[in-house]
Amino acid sequence: MDWQSFFRKNLEQVDTYQPGLREDQVWEFVEADKIYKLSSNESPLPPFPWALEAIQERLVLLNEYPDGSSYELTQCLSKHYGIASEQIMIGNGSNELVDLIAATCLNPGDNAVYPWPSFVVYRSSTLIQDAECREIPLKGTGQLDLSAMLGAIDERTKIVYICTPNNPTGAVVSDVEFKDFLDKVPSHVLVVMDAAYEEFISDESAVGPLKYYDGVRPYVVLRTFSKMYALAGLRCGYGFAPAKFVEVLNKVREPFNANTLAQAAAIASIRDTEELKERAALNALNRVRLENCFEKLGLNYVPSQANFVWVEVPDPQSTFNELLKRGVIVRSFPGAGGLRVGVGDNEGTNATIAAFGELFG
Ligand SMILES: Cc1ncc(COP(=O)(O)O)c(C=O)c1O
């Protein structure tokens, strides 16, 4: 059977997404009693109790389709951020919004400019539309090279992605750098600011994703409930974009893309609470503990503003295996000179520090 003839030619270039390892896949390699899954930039903490209550209340409604317009969630976000509801888009994770933006904007032969390495879906969503990927290597120890990104833009560029903090390096773009960049991006290019890890930022010089959002210029901000709000398993992301953009994107999306439980949990989660601040502080504390550990062991790392840290190691695959033996699952990237280590809770961070100490101390 020649299956190739059934498929669109451009899909030959698309790699299947490789998720981080799950606990049940690795027990046979683990010599410790406990596993810390620090491979997928998830929250090590459970969802907020009020989100779990909201989910519980909606379970009996699962015979019905969700609200296809995510009306209540959109209203709630509108109030929370002071942005008109027509400028809000909801996705089955912000991952879906990246896919939808590509499907909305890219014609074959157009191109998208983005940093590399960065979130792999910028690449797959571009290739699926038969558009060209312009991948701009990070500079320094893992920072976005905004001037090289500007230099890669031409008349066929439709989208430029800014990922800050960048996955997998955790580096942020500063406010000064971003303002200069935004001033120079030509008006035919949509700037997509992917702020999936925004809630973890403590560096005050970092750009705030909404600072330059005006609902008019081609500038879109993406955010998610998966990380700080600990709802990765439910899939709910959101974004802000000019009303015309949201209107057309809604033509492309599946009518019931955000499920009932995701909408309910998101509505319950989006409030400024002490617990949110405490979670950010806990992450920042354990992030510094990890960075100090790498520093002490003489390992190069990228100062991070996210819930993970990129660390260089001489042999990433063997370090990955040795960490796994000790119950710490991190993320390896084929061909890269380092590992992405998730910031755990106190216990997970203790385990990670102990494991690195054994390997490199
Ligand atoms: C930079 C970035 N953007 C977007 C996403 C997608 O997140 P979600 O689809 O869970 O909202 C991720 C997930 O890891 C990410 O790292």
# chains A, B, ... in the order shown; residues from 1 in each chain; ligands from 1
$ residues_around --residues "Phe333 (chain A)" --least-positions-apart "4" --cutoff "12 Å" --atoms "only C-alpha atoms" --output "CSV table (one decimal) with N, CA and C atoms, in the first residue's frame"
chain,number,residue,atom,x,y,z
A,18,GLN,N,6.9,14.8,20.6
A,18,GLN,CA,7.3,13.8,21.6
A,18,GLN,C,7.1,14.4,23.0
A,19,PRO,N,6.1,13.9,23.7
A,19,PRO,CA,5.9,14.4,25.0
A,19,PRO,C,7.0,14.0,26.0
A,20,GLY,N,7.1,14.6,27.2
A,20,GLY,CA,8.0,14.2,28.2
A,20,GLY,C,7.5,12.8,28.7
A,39,SER,N,9.5,17.0,33.6
A,39,SER,CA,9.9,17.0,32.1
A,39,SER,C,8.9,17.8,31.3
A,117,PRO,N,16.3,27.1,19.6
A,117,PRO,CA,15.1,26.3,20.0
A,117,PRO,C,14.1,27.1,20.8
A,118,SER,N,12.8,26.7,20.5
A,118,SER,CA,11.7,27.3,21.2
A,118,SER,C,10.5,26.3,21.1
A,120,VAL,N,8.0,23.9,20.1
A,120,VAL,CA,8.1,23.2,18.8
A,120,VAL,C,6.8,23.3,17.9
A,167,ASN,N,10.8,28.8,26.1
A,167,ASN,CA,10.9,27.4,26.3
A,167,ASN,C,11.8,26.8,25.2
A,168,PRO,N,12.9,26.2,25.5
A,168,PRO,CA,13.4,25.6,26.8
A,168,PRO,C,14.4,26.3,27.6
A,169,THR,N,14.7,27.6,27.3
A,169,THR,CA,15.8,28.2,28.0
A,169,THR,C,15.4,29.0,29.2
A,310,TRP,N,17.4,25.6,32.1
A,310,TRP,CA,18.2,24.9,31.1
A,310,TRP,C,19.7,24.8,31.6
A,311,VAL,N,20.2,23.6,31.6
A,311,VAL,CA,21.5,23.4,32.2
A,311,VAL,C,22.4,22.6,31.2
A,312,GLU,N,23.6,23.1,30.9
A,312,GLU,CA,24.5,22.3,30.0
A,312,GLU,C,25.2,21.2,30.8
A,315,ASP,N,27.3,15.2,28.8
A,315,ASP,CA,26.7,14.1,28.0
A,315,ASP,C,25.2,14.0,28.4
A,316,PRO,N,24.4,14.8,27.8
A,316,PRO,CA,23.0,14.9,28.2
A,316,PRO,C,22.3,13.6,28.3
A,317,GLN,N,22.5,12.7,27.4
A,317,GLN,CA,21.7,11.5,27.4
A,317,GLN,C,22.1,10.6,28.6
A,320,PHE,N,20.7,12.3,31.7
A,320,PHE,CA,19.2,12.0,31.7
A,320,PHE,C,19.0,10.7,32.3
A,337,GLY,N,23.0,20.4,23.8
A,337,GLY,CA,24.1,20.2,24.8
A,337,GLY,C,23.7,20.3,26.2
A,338,GLY,N,22.4,20.2,26.4
A,338,GLY,CA,21.9,20.4,27.8
A,338,GLY,C,20.6,19.7,28.1
A,339,LEU,N,20.0,19.9,29.2
A,339,LEU,CA,18.7,19.4,29.6
A,339,LEU,C,17.9,20.5,30.2
A,340,ARG,N,16.6,20.3,30.0
A,340,ARG,CA,15.6,21.2,30.6
A,340,ARG,C,15.1,20.6,31.9
A,341,VAL,N,15.4,21.2,33.0
A,341,VAL,CA,15.0,20.7,34.3
A,341,VAL,C,13.9,21.4,34.9
$ residues_near_ligand --ligand "ligand 1" --cutoff "6 Å" --atoms "only C-alpha atoms and all ligand atoms" --output "PyMOL selection string"
chain A and resi 93-95+119+163+167+194+196+224+226+232+235-237
$ residues_around --residues "Val330 (chain A)" --least-positions-apart "3" --cutoff "10 Å" --atoms "only C-alpha atoms" --output "mmCIF file with C-alpha atoms, in the first residue's frame"
data_model
loop_
_atom_site.group_PDB
_atom_site.id
_atom_site.type_symbol
_atom_site.label_atom_id
_atom_site.label_comp_id
_atom_site.auth_asym_id
_atom_site.auth_seq_id
_atom_site.Cartn_x
_atom_site.Cartn_y
_atom_site.Cartn_z
ATOM 1 C CA GLY A 20 7.975 14.178 28.218
ATOM 2 C CA LEU A 21 8.065 10.698 29.761
ATOM 3 C CA TYR A 36 9.467 13.480 40.244
ATOM 4 C CA LYS A 37 8.123 14.305 36.789
ATOM 5 C CA LEU A 38 9.927 17.492 35.888
ATOM 6 C CA SER A 39 9.877 16.974 32.140
ATOM 7 C CA SER A 40 6.816 18.854 30.871
ATOM 8 C CA ASN A 41 6.891 22.253 32.588
ATOM 9 C CA PHE A 308 12.261 25.201 34.413
ATOM 10 C CA THR A 319 22.881 12.464 32.628
ATOM 11 C CA PHE A 320 19.231 12.030 31.699
ATOM 12 C CA ASN A 321 19.500 8.280 32.365
ATOM 13 C CA LEU A 323 18.756 11.308 36.860
ATOM 14 C CA LEU A 324 16.001 8.914 35.872
ATOM 15 C CA GLY A 327 13.653 9.220 40.176
ATOM 16 C CA LEU A 339 18.750 19.357 29.649
ATOM 17 C CA ARG A 340 15.608 21.214 30.626
ATOM 18 C CA VAL A 341 15.021 20.660 34.313
ATOM 19 C CA GLY A 342 11.577 21.471 35.702
ATOM 20 C CA VAL A 343 11.319 23.354 38.968
ATOM 21 C CA THR A 352 16.935 17.080 41.861
#
$ residues_around --residues "Asn307 (chain A)" --least-positions-apart "2" --cutoff "12 Å" --atoms "only C-alpha atoms" --output "VMD selection string"
chain A and resid 38 to 44 165 to 171 196 to 202 226 to 228 230 279 to 288 290 to 291 303 to 305 309 to 310 340 to 345 349
$ write_last_selection --atoms "C-alpha atoms" --output "PDB file, in the first residue's frame"
ATOM      1  CA  LEU A  38       9.927  17.492  35.888  1.00  0.00           C
ATOM      2  CA  SER A  39       9.877  16.974  32.140  1.00  0.00           C
ATOM      3  CA  SER A  40       6.816  18.854  30.871  1.00  0.00           C
ATOM      4  CA  ASN A  41       6.891  22.253  32.588  1.00  0.00           C
ATOM      5  CA  GLU A  42       3.811  21.345  34.563  1.00  0.00           C
ATOM      6  CA  SER A  43       2.926  22.623  37.993  1.00  0.00           C
ATOM      7  CA  PRO A  44       4.139  20.248  40.699  1.00  0.00           C
ATOM      8  CA  PRO A 165      10.190  33.283  28.927  1.00  0.00           C
ATOM      9  CA  ASN A 166      11.479  31.087  26.147  1.00  0.00           C
ATOM     10  CA  ASN A 167      10.875  27.366  26.325  1.00  0.00           C
ATOM     11  CA  PRO A 168      13.352  25.587  26.797  1.00  0.00           C
ATOM     12  CA  THR A 169      15.846  28.212  28.033  1.00  0.00           C
ATOM     13  CA  GLY A 170      13.701  30.277  30.419  1.00  0.00           C
ATOM     14  CA  ALA A 171      15.310  33.531  29.224  1.00  0.00           C
ATOM     15  CA  ALA A 196       2.736  30.803  28.641  1.00  0.00           C
ATOM     16  CA  TYR A 197       5.112  31.250  31.592  1.00  0.00           C
ATOM     17  CA  GLU A 198       4.398  34.909  32.312  1.00  0.00           C
ATOM     18  CA  GLU A 199       3.088  34.291  35.831  1.00  0.00           C
ATOM     19  CA  PHE A 200       6.497  32.942  36.913  1.00  0.00           C
ATOM     20  CA  ILE A 201       8.474  36.076  35.988  1.00  0.00           C
ATOM     21  CA  SER A 202      10.052  37.980  38.851  1.00  0.00           C
ATOM     22  CA  SER A 226      -1.781  24.956  32.062  1.00  0.00           C
ATOM     23  CA  LYS A 227       1.217  26.223  33.985  1.00  0.00           C
ATOM     24  CA  MET A 228       0.701  28.487  37.004  1.00  0.00           C
ATOM     25  CA  ALA A 230      -2.043  23.800  37.206  1.00  0.00           C
ATOM     26  CA  ARG A 279       2.970  29.602  44.205  1.00  0.00           C
ATOM     27  CA  ALA A 280       4.981  32.141  42.194  1.00  0.00           C
ATOM     28  CA  ALA A 281       7.221  32.753  45.227  1.00  0.00           C
ATOM     29  CA  LEU A 282       7.720  29.019  45.810  1.00  0.00           C
ATOM     30  CA  ASN A 283       8.678  28.513  42.167  1.00  0.00           C
ATOM     31  CA  ALA A 284      11.097  31.453  42.274  1.00  0.00           C
ATOM     32  CA  LEU A 285      12.693  30.108  45.446  1.00  0.00           C
ATOM     33  CA  ASN A 286      13.204  26.599  44.105  1.00  0.00           C
ATOM     34  CA  ARG A 287      14.369  27.984  40.764  1.00  0.00           C
ATOM     35  CA  VAL A 288      17.125  29.894  42.563  1.00  0.00           C
ATOM     36  CA  LEU A 290      18.437  24.835  41.328  1.00  0.00           C
ATOM     37  CA  GLU A 291      20.488  27.610  39.754  1.00  0.00           C
ATOM     38  CA  PRO A 303      19.216  32.264  34.321  1.00  0.00           C
ATOM     39  CA  SER A 304      15.538  31.417  34.154  1.00  0.00           C
ATOM     40  CA  GLN A 305      12.301  33.302  34.724  1.00  0.00           C
ATOM     41  CA  VAL A 309      16.008  25.773  34.029  1.00  0.00           C
ATOM     42  CA  TRP A 310      18.230  24.918  31.076  1.00  0.00           C
ATOM     43  CA  ARG A 340      15.608  21.214  30.626  1.00  0.00           C
ATOM     44  CA  VAL A 341      15.021  20.660  34.313  1.00  0.00           C
ATOM     45  CA  GLY A 342      11.577  21.471  35.702  1.00  0.00           C
ATOM     46  CA  VAL A 343      11.319  23.354  38.968  1.00  0.00           C
ATOM     47  CA  GLY A 344       9.607  21.024  41.407  1.00  0.00           C
ATOM     48  CA  ASP A 345       8.023  21.617  44.780  1.00  0.00           C
ATOM     49  CA  THR A 349      13.814  20.239  44.108  1.00  0.00           C
TER      50      THR A 349
END
$ closest_residue --among "A:Ser125, A:Ser78, A:Ser5, A:Ser174" --to "Glu96 (chain A)" --atoms "only C-alpha atoms"
A:Ser125
$ residues_around --residues "Thr126 (chain A)" --least-positions-apart "6" --cutoff "7 Å" --atoms "only C-alpha atoms" --output "PyMOL selection string"
chain A and resi 102+112+132-133
$ write_last_selection --atoms "C-alpha atoms" --output "mmCIF file, in the first residue's frame"
data_model
loop_
_atom_site.group_PDB
_atom_site.id
_atom_site.type_symbol
_atom_site.label_atom_id
_atom_site.label_comp_id
_atom_site.auth_asym_id
_atom_site.auth_seq_id
_atom_site.Cartn_x
_atom_site.Cartn_y
_atom_site.Cartn_z
ATOM 1 C CA ALA A 102 -1.147 29.542 11.591
ATOM 2 C CA ALA A 112 6.868 32.481 9.969
ATOM 3 C CA GLU A 132 8.285 28.244 5.383
ATOM 4 C CA CYS A 133 9.921 28.113 8.812
#
$ residues_around --residues "Leu249 (chain A)" --least-positions-apart "6" --cutoff "8 Å" --atoms "only C-alpha atoms" --output "PyMOL selection string"
chain A and resi 100-101+104
$ atom_distance --atom1 "CA of Ser85 (chain A)" --atom2 "CA of Ala258 (chain A)"
16.1 Å
$ closest_residue --among "A:Leu11, A:Leu182, A:Leu127, A:Met89" --to "Asn107 (chain A)" --atoms "only C-alpha atoms"
A:Leu127
$ select_by_dssp --residues "region 93-289 of chain A" --states "strand (DSSP E)" --output "PyMOL selection string"
chain A and resi 111-116+132-137+157-163+190-194+219-224+237-240
$ write_last_selection --atoms "C-alpha atoms" --output "mmCIF file, in the first residue's frame"
data_model
loop_
_atom_site.group_PDB
_atom_site.id
_atom_site.type_symbol
_atom_site.label_atom_id
_atom_site.label_comp_id
_atom_site.auth_asym_id
_atom_site.auth_seq_id
_atom_site.Cartn_x
_atom_site.Cartn_y
_atom_site.Cartn_z
ATOM 1 C CA ASN A 111 6.843 32.293 6.193
ATOM 2 C CA ALA A 112 6.868 32.481 9.969
ATOM 3 C CA VAL A 113 9.884 33.743 11.916
ATOM 4 C CA TYR A 114 10.573 32.394 15.386
ATOM 5 C CA PRO A 115 13.444 31.717 17.780
ATOM 6 C CA TRP A 116 15.052 28.292 17.856
ATOM 7 C CA GLU A 132 8.285 28.244 5.383
ATOM 8 C CA CYS A 133 9.921 28.113 8.812
ATOM 9 C CA ARG A 134 12.535 30.772 9.510
ATOM 10 C CA GLU A 135 14.229 29.570 12.669
ATOM 11 C CA ILE A 136 16.519 32.101 14.259
ATOM 12 C CA PRO A 137 19.155 30.648 16.604
ATOM 13 C CA THR A 157 6.524 36.946 6.441
ATOM 14 C CA LYS A 158 3.115 36.727 8.103
ATOM 15 C CA ILE A 159 3.912 35.810 11.702
ATOM 16 C CA VAL A 160 6.753 36.403 14.105
ATOM 17 C CA TYR A 161 6.665 34.558 17.423
ATOM 18 C CA ILE A 162 8.144 35.932 20.614
ATOM 19 C CA CYS A 163 8.350 33.325 23.350
ATOM 20 C CA LEU A 190 1.532 39.633 13.036
ATOM 21 C CA VAL A 191 3.557 39.625 16.249
ATOM 22 C CA VAL A 192 2.506 36.724 18.475
ATOM 23 C CA MET A 193 3.691 37.057 22.051
ATOM 24 C CA ASP A 194 3.569 33.615 23.664
ATOM 25 C CA TYR A 219 -0.112 42.143 18.020
ATOM 26 C CA VAL A 220 -1.508 39.065 19.754
ATOM 27 C CA VAL A 221 -0.851 37.756 23.265
ATOM 28 C CA LEU A 222 -1.248 34.089 24.229
ATOM 29 C CA ARG A 223 -1.576 32.788 27.760
ATOM 30 C CA THR A 224 -2.544 29.550 29.419
ATOM 31 C CA GLY A 237 -5.548 28.614 26.832
ATOM 32 C CA TYR A 238 -6.588 32.140 25.961
ATOM 33 C CA GLY A 239 -5.388 35.056 23.971
ATOM 34 C CA PHE A 240 -5.935 38.699 23.216
#
$ closest_residue --among "A:Tyr229, A:Val185, A:Ile329, A:Phe245" --to "Leu276 (chain A)" --atoms "only C-alpha atoms"
A:Tyr229
$ residues_around --residues "Leu62 (chain A)" --least-positions-apart "6" --cutoff "10 Å" --atoms "only C-alpha atoms" --output "PyMOL selection string"
chain A and resi 259-261
$ write_last_selection --atoms "C-alpha atoms" --output "PDB file, in the first residue's frame"
ATOM      1  CA  ASN A 259     -14.612  21.711  27.077  1.00  0.00           C
ATOM      2  CA  THR A 260     -17.115  22.256  29.890  1.00  0.00           C
ATOM      3  CA  LEU A 261     -14.775  21.309  32.729  1.00  0.00           C
TER       4      LEU A 261
END
$ atom_distance --atom1 "CA of Val173 (chain A)" --atom2 "CA of Arg331 (chain A)"
23.1 Å
$ closest_residue --among "A:Pro255, A:Gly140, A:Gly298, A:Gly361" --to "Ser70 (chain A)" --atoms "only C-alpha atoms"
A:Pro255
$ closest_residue --among "A:Lys34, A:Gln25, A:Ala264, A:Glu247" --to "Leu61 (chain A)" --atoms "only C-alpha atoms"
A:Ala264
$ closest_residue --among "A:Val176, A:Ile88, A:Ala206, A:Arg217" --to "Gln75 (chain A)" --atoms "only C-alpha atoms"
A:Ile88
$ select_by_dssp --residues "region 125-357 of chain A" --states "helix (DSSP H, G or I)" --output "ChimeraX atom specification"
/A:125-128,146-152,175-184,198-200,243-252,260-269,274-296,316-325,346-357
